[in-house]
>>> print(open('upload.pdb').read())   # PDB, C-alpha atoms
MODEL        1
ATOM      1  CA  MET A   1     -10.580 -17.577  -3.216
ATOM      2  CA  GLU A   2     -12.985 -14.824  -4.202
ATOM      3  CA  SER A   3     -10.986 -11.642  -4.783
ATOM      4  CA  THR A   4     -13.157  -8.636  -3.982
ATOM      5  CA  THR A   5     -10.474  -6.263  -5.302
ATOM      6  CA  GLU A   6     -10.974  -7.835  -8.749
ATOM      7  CA  LYS A   7     -14.774  -7.746  -8.674
ATOM      8  CA  GLU A   8     -16.714  -5.771 -11.254
ATOM      9  CA  SER A   9     -17.078  -2.072 -10.440
ATOM     10  CA  ARG A  10     -20.411  -0.896  -9.076
ATOM     11  CA  TYR A  11     -20.366   1.713 -11.843
ATOM     12  CA  ASN A  12     -20.520   1.283 -15.607
ATOM     13  CA  ASN A  13     -20.192   3.312 -18.804
ATOM     14  CA  LEU A  14     -17.555   5.455 -17.111
ATOM     15  CA  GLU A  15     -16.594   7.123 -20.380
ATOM     16  CA  GLN A  16     -20.140   8.507 -20.677
ATOM     17  CA  MET A  17     -20.194  10.050 -17.192
ATOM     18  CA  PRO A  18     -19.824  13.820 -16.748
ATOM     19  CA  VAL A  19     -16.503  14.676 -15.073
ATOM     20  CA  LEU A  20     -18.179  15.849 -11.867
ATOM     21  CA  GLU A  21     -20.074  12.564 -11.577
ATOM     22  CA  ILE A  22     -16.830  10.610 -12.063
ATOM     23  CA  LEU A  23     -15.206  12.607  -9.287
ATOM     24  CA  GLN A  24     -18.215  12.296  -6.971
ATOM     25  CA  ASN A  25     -18.325   8.532  -7.406
ATOM     26  CA  ILE A  26     -14.593   8.102  -6.830
ATOM     27  CA  ASN A  27     -14.917  10.264  -3.730
ATOM     28  CA  LYS A  28     -17.901   8.229  -2.509
ATOM     29  CA  GLU A  29     -15.878   5.034  -2.821
ATOM     30  CA  ASP A  30     -12.830   6.617  -1.158
ATOM     31  CA  GLN A  31     -14.923   7.518   1.895
ATOM     32  CA  THR A  32     -15.409   3.816   2.618
ATOM     33  CA  VAL A  33     -11.680   3.197   3.036
ATOM     34  CA  PRO A  34     -11.096   4.590   6.574
ATOM     35  CA  LEU A  35     -14.072   2.568   7.794
ATOM     36  CA  ALA A  36     -12.515  -0.593   6.356
ATOM     37  CA  VAL A  37      -9.222   0.292   8.056
ATOM     38  CA  GLU A  38     -11.038   0.817  11.355
ATOM     39  CA  LYS A  39     -12.226  -2.798  11.309
ATOM     40  CA  ALA A  40      -8.603  -3.933  11.046
ATOM     41  CA  LEU A  41      -7.300  -1.885  14.018
ATOM     42  CA  PRO A  42      -6.892  -4.930  16.316
ATOM     43  CA  GLN A  43      -4.726  -6.603  13.661
ATOM     44  CA  ILE A  44      -2.703  -3.423  13.104
ATOM     45  CA  GLU A  45      -2.185  -3.121  16.871
ATOM     46  CA  LYS A  46      -0.685  -6.610  17.072
ATOM     47  CA  LEU A  47       1.672  -5.969  14.154
ATOM     48  CA  ALA A  48       2.729  -2.542  15.465
ATOM     49  CA  THR A  49       3.355  -3.910  18.964
ATOM     50  CA  ILE A  50       5.557  -6.815  17.871
ATOM     51  CA  THR A  51       7.410  -4.598  15.375
ATOM     52  CA  ALA A  52       8.265  -2.029  18.058
ATOM     53  CA  ALA A  53       9.394  -4.785  20.428
ATOM     54  CA  LYS A  54      11.709  -6.202  17.774
ATOM     55  CA  MET A  55      13.112  -2.785  16.871
ATOM     56  CA  LYS A  56      13.837  -2.010  20.529
ATOM     57  CA  GLU A  57      16.024  -5.120  20.483
ATOM     58  CA  GLY A  58      17.933  -3.851  17.442
ATOM     59  CA  GLY A  59      15.746  -5.282  14.705
ATOM     60  CA  ARG A  60      14.743  -3.673  11.430
ATOM     61  CA  LEU A  61      11.483  -3.404   9.506
ATOM     62  CA  PHE A  62      11.333  -4.667   5.923
ATOM     63  CA  TYR A  63       8.543  -4.153   3.393
ATOM     64  CA  ILE A  64       8.203  -6.234   0.244
ATOM     65  CA  GLY A  65       5.652  -5.815  -2.527
ATOM     66  CA  ALA A  66       5.092  -5.515  -6.263
ATOM     67  CA  GLY A  67       3.669  -2.657  -8.321
ATOM     68  CA  THR A  68       1.692  -0.081  -6.349
ATOM     69  CA  SER A  69       2.058  -2.098  -3.139
ATOM     70  CA  GLY A  70       5.828  -2.203  -3.524
ATOM     71  CA  ARG A  71       6.008   1.503  -4.277
ATOM     72  CA  LEU A  72       3.980   2.347  -1.177
ATOM     73  CA  GLY A  73       6.385   0.327   0.957
ATOM     74  CA  VAL A  74       9.371   2.106  -0.573
ATOM     75  CA  VAL A  75       7.725   5.496   0.093
ATOM     76  CA  ASP A  76       7.003   4.715   3.745
ATOM     77  CA  ALA A  77      10.497   3.350   4.329
ATOM     78  CA  SER A  78      12.178   6.316   2.623
ATOM     79  CA  GLU A  79      10.228   8.804   4.737
ATOM     80  CA  CYS A  80      11.262   7.324   8.105
ATOM     81  CA  PRO A  81      14.846   8.696   8.225
ATOM     82  CA  PRO A  82      13.929  12.349   7.504
ATOM     83  CA  THR A  83      10.830  12.235   9.726
ATOM     84  CA  PHE A  84      12.195  10.320  12.706
ATOM     85  CA  GLY A  85      15.975  10.607  12.340
ATOM     86  CA  VAL A  86      16.495   6.840  12.191
ATOM     87  CA  PRO A  87      19.313   5.255  10.162
ATOM     88  CA  PHE A  88      18.428   4.778   6.486
ATOM     89  CA  ASP A  89      18.658   0.977   6.831
ATOM     90  CA  MET A  90      16.324   0.669   9.836
ATOM     91  CA  VAL A  91      13.193   0.584   7.658
ATOM     92  CA  VAL A  92      13.774  -0.926   4.211
ATOM     93  CA  GLY A  93      11.342  -1.014   1.283
ATOM     94  CA  ILE A  94      11.955  -3.594  -1.457
ATOM     95  CA  ILE A  95       9.954  -3.715  -4.696
ATOM     96  CA  ALA A  96       9.764  -6.648  -7.099
ATOM     97  CA  GLY A  97      11.931  -5.820 -10.099
ATOM     98  CA  GLY A  98      14.272  -3.577  -8.102
ATOM     99  CA  ASP A  99      14.412   0.209  -7.933
ATOM    100  CA  PHE A 100      13.821   0.453 -11.686
ATOM    101  CA  ALA A 101      10.288  -0.828 -10.993
ATOM    102  CA  ILE A 102       9.508   2.241  -8.876
ATOM    103  CA  ARG A 103       9.120   4.219 -12.104
ATOM    104  CA  LYS A 104       8.384   1.595 -14.744
ATOM    105  CA  ALA A 105       6.586  -1.737 -14.522
ATOM    106  CA  VAL A 106       8.884  -4.758 -14.765
ATOM    107  CA  GLU A 107       7.116  -7.575 -16.596
ATOM    108  CA  PHE A 108       6.368 -10.677 -14.515
ATOM    109  CA  ALA A 109       8.614  -9.542 -11.632
ATOM    110  CA  GLU A 110       5.809 -10.221  -9.167
ATOM    111  CA  ASP A 111       5.440 -13.823 -10.364
ATOM    112  CA  ASP A 112       8.875 -14.954  -9.141
ATOM    113  CA  THR A 113       8.517 -16.821  -5.834
ATOM    114  CA  GLU A 114      12.291 -16.989  -5.208
ATOM    115  CA  GLN A 115      13.409 -13.425  -5.898
ATOM    116  CA  ALA A 116      12.089 -11.768  -2.725
ATOM    117  CA  TRP A 117      14.339 -13.875  -0.516
ATOM    118  CA  ILE A 118      17.306 -13.173  -2.787
ATOM    119  CA  ASP A 119      16.555  -9.442  -2.469
ATOM    120  CA  LEU A 120      16.160  -9.680   1.323
ATOM    121  CA  SER A 121      19.359 -11.705   1.714
ATOM    122  CA  GLU A 122      21.376  -8.753   0.400
ATOM    123  CA  PHE A 123      20.455  -7.018   3.679
ATOM    124  CA  GLN A 124      21.345 -10.043   5.838
ATOM    125  CA  ILE A 125      17.779 -10.211   7.154
ATOM    126  CA  ASN A 126      17.619 -12.298  10.348
ATOM    127  CA  GLU A 127      15.331 -13.304  13.209
ATOM    128  CA  LYS A 128      15.724  -9.931  14.937
ATOM    129  CA  ASP A 129      13.890  -8.311  12.026
ATOM    130  CA  VAL A 130      10.261  -7.976  10.924
ATOM    131  CA  LEU A 131       9.092  -8.578   7.348
ATOM    132  CA  VAL A 132       5.785  -7.107   6.141
ATOM    133  CA  GLY A 133       4.430  -8.225   2.776
ATOM    134  CA  ILE A 134       2.170  -5.725   0.998
ATOM    135  CA  ALA A 135      -0.239  -7.093  -1.613
ATOM    136  CA  ALA A 136      -3.673  -5.711  -2.465
ATOM    137  CA  SER A 137      -4.854  -9.017  -3.923
ATOM    138  CA  GLY A 138      -3.145 -11.098  -1.265
ATOM    139  CA  THR A 139      -1.983 -13.486  -3.997
ATOM    140  CA  THR A 140       1.328 -12.005  -5.203
ATOM    141  CA  PRO A 141       3.857 -14.887  -5.617
ATOM    142  CA  TYR A 142       6.850 -12.595  -4.926
ATOM    143  CA  VAL A 143       5.388 -11.684  -1.531
ATOM    144  CA  ILE A 144       4.216 -15.207  -0.654
ATOM    145  CA  GLY A 145       7.643 -16.632  -1.438
ATOM    146  CA  GLY A 146       9.420 -14.031   0.686
ATOM    147  CA  LEU A 147       7.144 -14.533   3.681
ATOM    148  CA  LYS A 148       7.363 -18.330   3.510
ATOM    149  CA  LYS A 149      11.156 -18.245   3.469
ATOM    150  CA  ALA A 150      11.219 -15.731   6.340
ATOM    151  CA  ASN A 151       9.021 -18.038   8.402
ATOM    152  CA  GLU A 152      11.506 -20.861   7.836
ATOM    153  CA  TYR A 153      14.192 -18.677   9.395
ATOM    154  CA  ASN A 154      11.971 -17.719  12.369
ATOM    155  CA  ILE A 155      11.633 -14.104  11.208
ATOM    156  CA  THR A 156       8.507 -12.259  12.372
ATOM    157  CA  THR A 157       6.163 -11.811   9.406
ATOM    158  CA  GLY A 158       3.168  -9.570   8.799
ATOM    159  CA  CYS A 159       1.182  -8.404   5.800
ATOM    160  CA  ILE A 160      -1.184  -5.728   4.530
ATOM    161  CA  VAL A 161      -3.778  -7.119   2.122
ATOM    162  CA  CYS A 162      -7.175  -5.968   0.847
ATOM    163  CA  ASN A 163      -9.001  -9.296   0.508
ATOM    164  CA  SER A 164     -10.079 -11.671   3.254
ATOM    165  CA  GLY A 165      -8.775 -15.227   3.413
ATOM    166  CA  SER A 166      -5.861 -14.630   1.050
ATOM    167  CA  PRO A 167      -2.735 -16.815   0.587
ATOM    168  CA  VAL A 168      -0.511 -13.940   1.762
ATOM    169  CA  ALA A 169      -2.501 -13.545   4.996
ATOM    170  CA  ALA A 170      -2.381 -17.312   5.543
ATOM    171  CA  VAL A 171       1.426 -17.236   5.449
ATOM    172  CA  ALA A 172       1.937 -14.106   7.598
ATOM    173  CA  LYS A 173       2.066 -14.511  11.390
ATOM    174  CA  TYR A 174       0.561 -11.036  11.899
ATOM    175  CA  PRO A 175      -1.852 -10.425   9.011
ATOM    176  CA  VAL A 176      -3.649  -7.117   8.461
ATOM    177  CA  GLU A 177      -6.694  -7.504   6.211
ATOM    178  CA  VAL A 178      -8.435  -4.323   5.070
ATOM    179  CA  VAL A 179     -11.284  -5.404   2.802
ATOM    180  CA  THR A 180     -11.930  -2.445   0.490
ATOM    181  CA  GLY A 181     -14.229  -4.122  -2.045
ATOM    182  CA  PRO A 182     -14.528  -3.491  -5.793
ATOM    183  CA  GLU A 183     -12.685  -0.517  -7.251
ATOM    184  CA  PHE A 184     -14.413   2.339  -9.120
ATOM    185  CA  LEU A 185     -12.298   1.302 -12.111
ATOM    186  CA  THR A 186     -12.506  -2.491 -12.081
ATOM    187  CA  GLY A 187      -9.314  -4.044 -10.725
ATOM    188  CA  SER A 188      -7.432  -0.737 -10.354
ATOM    189  CA  THR A 189      -6.054  -1.412  -6.883
ATOM    190  CA  ARG A 190      -3.921   1.734  -6.935
ATOM    191  CA  MET A 191      -7.199   3.413  -5.908
ATOM    192  CA  LYS A 192      -9.079   2.261  -2.766
ATOM    193  CA  ALA A 193      -6.758  -0.634  -1.966
ATOM    194  CA  GLY A 194      -3.690   1.577  -2.396
ATOM    195  CA  THR A 195      -5.234   4.261  -0.188
ATOM    196  CA  ALA A 196      -5.964   1.656   2.496
ATOM    197  CA  GLN A 197      -2.390   0.355   2.361
ATOM    198  CA  LYS A 198      -1.000   3.895   2.658
ATOM    199  CA  LEU A 199      -3.187   4.556   5.715
ATOM    200  CA  VAL A 200      -2.050   1.329   7.382
ATOM    201  CA  LEU A 201       1.611   2.020   6.602
ATOM    202  CA  ASN A 202       1.257   5.503   8.111
ATOM    203  CA  MET A 203      -0.247   3.957  11.240
ATOM    204  CA  LEU A 204       2.338   1.198  11.474
ATOM    205  CA  SER A 205       5.503   3.250  11.046
ATOM    206  CA  THR A 206       4.279   6.229  13.086
ATOM    207  CA  SER A 207       3.030   4.149  16.020
ATOM    208  CA  VAL A 208       6.233   2.101  15.998
ATOM    209  CA  MET A 209       8.421   5.211  16.002
ATOM    210  CA  ILE A 210       6.411   6.644  18.905
ATOM    211  CA  GLN A 211       6.869   3.378  20.828
ATOM    212  CA  ILE A 212      10.641   3.350  20.323
ATOM    213  CA  GLY A 213      11.009   6.928  21.547
ATOM    214  CA  ARG A 214      11.377   8.880  18.311
ATOM    215  CA  VAL A 215       8.617  11.375  19.192
ATOM    216  CA  LYS A 216       8.351  13.769  22.160
ATOM    217  CA  GLY A 217       4.947  15.159  23.060
ATOM    218  CA  ASN A 218       3.529  15.401  19.549
ATOM    219  CA  LYS A 219       6.706  16.606  17.850
ATOM    220  CA  MET A 220       9.182  15.082  15.387
ATOM    221  CA  VAL A 221      12.138  15.970  17.585
ATOM    222  CA  ASP A 222      14.569  13.746  15.677
ATOM    223  CA  MET A 223      13.646  14.886  12.152
ATOM    224  CA  GLN A 224      16.477  15.663   9.752
ATOM    225  CA  LEU A 225      16.914  19.358   9.058
ATOM    226  CA  THR A 226      17.219  18.999   5.297
ATOM    227  CA  ASN A 227      15.587  22.225   4.097
ATOM    228  CA  ASN A 228      14.664  25.706   5.285
ATOM    229  CA  LYS A 229      11.064  24.745   6.064
ATOM    230  CA  LEU A 230      12.228  22.020   8.428
ATOM    231  CA  VAL A 231      14.823  24.287  10.041
ATOM    232  CA  ASP A 232      12.060  26.836  10.677
ATOM    233  CA  ARG A 233       9.800  24.132  12.115
ATOM    234  CA  GLY A 234      12.641  22.881  14.306
ATOM    235  CA  THR A 235      13.344  26.398  15.520
ATOM    236  CA  ARG A 236       9.698  26.818  16.557
ATOM    237  CA  MET A 237       9.855  23.493  18.390
ATOM    238  CA  VAL A 238      12.936  24.608  20.317
ATOM    239  CA  MET A 239      11.255  27.934  21.138
ATOM    240  CA  SER A 240       8.156  26.101  22.381
ATOM    241  CA  GLU A 241      10.137  23.694  24.554
ATOM    242  CA  THR A 242      12.656  26.151  26.001
ATOM    243  CA  GLY A 243      11.091  29.615  25.941
ATOM    244  CA  LEU A 244      14.067  30.973  23.958
ATOM    245  CA  ASN A 245      13.564  33.720  21.402
ATOM    246  CA  GLU A 246      13.761  32.889  17.710
ATOM    247  CA  GLN A 247      17.399  33.812  17.150
ATOM    248  CA  ALA A 248      18.620  31.986  20.246
ATOM    249  CA  ALA A 249      16.578  28.915  19.358
ATOM    250  CA  ALA A 250      17.881  28.942  15.773
ATOM    251  CA  ASP A 251      21.468  29.239  16.978
ATOM    252  CA  LEU A 252      21.027  26.389  19.455
ATOM    253  CA  LEU A 253      19.434  24.193  16.793
ATOM    254  CA  LYS A 254      22.225  24.911  14.345
ATOM    255  CA  LYS A 255      24.819  24.072  16.981
ATOM    256  CA  HIS A 256      23.316  20.713  17.964
ATOM    257  CA  GLY A 257      21.758  19.605  14.662
ATOM    258  CA  SER A 258      18.471  18.273  16.058
ATOM    259  CA  VAL A 259      15.580  19.511  18.158
ATOM    260  CA  ARG A 260      16.072  16.771  20.740
ATOM    261  CA  LYS A 261      19.775  17.503  21.222
ATOM    262  CA  ALA A 262      19.152  21.249  21.354
ATOM    263  CA  VAL A 263      16.488  20.924  24.046
ATOM    264  CA  ASP A 264      18.427  18.289  25.991
ATOM    265  CA  SER A 265      21.488  20.553  26.069
ATOM    266  CA  LEU A 266      19.559  23.078  28.171
ATOM    267  CA  GLU A 267      18.001  20.496  30.472
ATOM    268  CA  LYS A 268      21.342  19.023  31.521
TER     269      LYS A 268
ENDMDL
END
>>> encode(input="upload.pdb", output="structure tokens")
Amino acid sequence: MESTTEKESRYNNLEQMPVLEILQNINKEDQTVPLAVEKALPQIEKLATITAAKMKEGGRLFYIGAGTSGRLGVVDASECPPTFGVPFDMVVGIIAGGDFAIRKAVEFAEDDTEQAWIDLSEFQINEKDVLVGIAASGTTPYVIGGLKKANEYNITTGCIVCNSGSPVAAVAKYPVEVVTGPEFLTGSTRMKAGTAQKLVLNMLSTSVMIQIGRVKGNKMVDMQLTNNKLVDRGTRMVMSETGLNEQAAADLLKKHGSVRKAVDSLEK
């Protein structure tokens, strides 16, 4: 398989470039990423649709990955509870090497084909759930092993990869392939490939949460009120929905603990 993410950069002698030229060239490459994502929208739609259907039936969403890909999955999963008010174990991000690997690389963790299933088994993953493997190269053994085992147990599988025709995509039932091409810094897939994966994860989790009723209008009505900024935002939402003044809206929000519950209390 020809790995475009590992291809030689279109640029050379980077250390001799003026800083502005470095930045301009990185920016030029970054501008190609949303266009690559656009080509994958039909694949993303299929994955988002099946994921929402499974979650409506009580299923969960799992991400597995190594390195940057694993970290991006952990980030997306960790942001779902505060943004959408879902239980912390409804979207789960697992990185090869465990949580320690979020901060420091764990040598050869991604090369273990058995460990992903061991990690997933701690959460009693089952056929109600959805497993999405994230791998820029599409060749990560940790991810391939996890997806293969999930398939054996009739668990819905998807992936987000940045090469076409990869082993990971071949194993996943709902593959998403965003072909981002060579990186500005050869092989540094934390750059364009990582950006593409982040965009797809944003699309996947947000569209799923909308489908399962965690958004009203265009508002995060179930967000957790964990700091003053979010309390202020929630107060404005309540004011907008109910016509109450600021103090009354703030009091109602404080009483009920969420925008949705505050607004619903007046509509009953």
>>> closest_atom_pairs(input="upload.pdb", of="stretch 183-203 of chain A", to="stretch 143-164 of chain A", cutoff="10 Å", atoms="all atoms listed in the file", output="JSON lines")
{"residue": "A:Thr189", "atom": "CA", "partner": "A:Cys162", "partner_atom": "CA", "distance": 9.0}
{"residue": "A:Lys192", "atom": "CA", "partner": "A:Cys162", "partner_atom": "CA", "distance": 9.2}
{"residue": "A:Ala193", "atom": "CA", "partner": "A:Cys162", "partner_atom": "CA", "distance": 6.0}
{"residue": "A:Gly194", "atom": "CA", "partner": "A:Cys162", "partner_atom": "CA", "distance": 8.9}
{"residue": "A:Ala196", "atom": "CA", "partner": "A:Cys162", "partner_atom": "CA", "distance": 7.9}
{"residue": "A:Gln197", "atom": "CA", "partner": "A:Ile160", "partner_atom": "CA", "distance": 6.6}
{"residue": "A:Lys198", "atom": "CA", "partner": "A:Ile160", "partner_atom": "CA", "distance": 9.8}
{"residue": "A:Val200", "atom": "CA", "partner": "A:Ile160", "partner_atom": "CA", "distance": 7.7}
{"residue": "A:Leu201", "atom": "CA", "partner": "A:Ile160", "partner_atom": "CA", "distance": 8.5}
>>> residues_around(input="upload.pdb", residues="A:Phe100", least_positions_apart="5", cutoff="12 Å", atoms="all atoms listed in the file", output="list of chain:residue names")
A:Ala66, A:Gly67, A:Gly70, A:Arg71, A:Ile94, A:Ile95, A:Ala105, A:Val106, A:Glu107, A:Ala109
>>> resolve_selection(input="upload.pdb", expression="the PyMOL selection byres ((chain A and resi 133) around 6)", output="NGL selection string")
:A and (63-65 or 132 or 134 or 143 or 159)
>>> closest_residue(input="upload.pdb", among="A:Tyr174, A:Val74, A:Asp89, A:Thr140", to="A:Glu122", atoms="only C-alpha atoms")
A:Asp89
>>> resolve_selection(input="upload.pdb", expression="the PyMOL selection byres ((chain A and resi 77) around 9)", output="VMD selection string")
chain A and resid 61 to 63 72 to 76 78 to 81 88 to 93 205
>>> resolve_selection(input="upload.pdb", expression="the PyMOL selection byres ((chain A and resi 224-235) around 12)", output="ChimeraX atom specification")
/A:79-88,219-223,236-263
>>> residues_around(input="upload.pdb", residues="stretch 8-22 of chain A", least_positions_apart="4", cutoff="9 Å", atoms="all atoms listed in the file", output="mmCIF file with C-alpha atoms, keeping the file's coordinate frame")
data_model
loop_
_atom_site.group_PDB
_atom_site.id
_atom_site.type_symbol
_atom_site.label_atom_id
_atom_site.label_comp_id
_atom_site.auth_asym_id
_atom_site.auth_seq_id
_atom_site.Cartn_x
_atom_site.Cartn_y
_atom_site.Cartn_z
ATOM 1 C CA THR A 4 -13.157 -8.636 -3.982
ATOM 2 C CA ILE A 26 -14.593 8.102 -6.830
ATOM 3 C CA ASN A 27 -14.917 10.264 -3.730
ATOM 4 C CA PRO A 182 -14.528 -3.491 -5.793
ATOM 5 C CA GLU A 183 -12.685 -0.517 -7.251
ATOM 6 C CA PHE A 184 -14.413 2.339 -9.120
ATOM 7 C CA LEU A 185 -12.298 1.302 -12.111
ATOM 8 C CA THR A 186 -12.506 -2.491 -12.081
ATOM 9 C CA GLY A 187 -9.314 -4.044 -10.725
#
>>> axis_aligned_box(input="upload.pdb", around="stretch 113-128 of chain A", padding_each_side="6 Å", output="JSON")
{"center_x": 14.9, "center_y": -12.0, "center_z": 4.5, "size_x": 24.9, "size_y": 22.0, "size_z": 32.8}
>>> closest_residue(input="upload.pdb", among="A:Gly165, A:Gly138, A:Gly217, A:Gly181", to="A:Thr32", atoms="only C-alpha atoms")
A:Gly181
>>> residues_around(input="upload.pdb", residues="A:Ala48", least_positions_apart="4", cutoff="7 Å", atoms="all atoms listed in the file", output="list in words")
Ile44, Ala52, Leu204, Ser207 and Val208 of chain A
>>> atom_distance(input="upload.pdb", atom1="atom CA of A:Ala36", atom2="atom CA of A:Ser69")
17.5 Å
>>> atom_distance(input="upload.pdb", atom1="atom CA of A:Leu131", atom2="atom CA of A:Asp119")
12.4 Å
>>> atom_distance(input="upload.pdb", atom1="atom CA of A:Leu23", atom2="atom CA of A:Met203")
26.8 Å
>>> closest_residue(input="upload.pdb", among="A:Met55, A:Ile212, A:Val37, A:Leu266", to="A:Glu127", atoms="all atoms listed in the file")
A:Met55
>>> closest_residue(input="upload.pdb", among="A:Asp129, A:Glu6, A:Glu45, A:Asp30", to="A:Val176", atoms="all atoms listed in the file")
A:Glu45
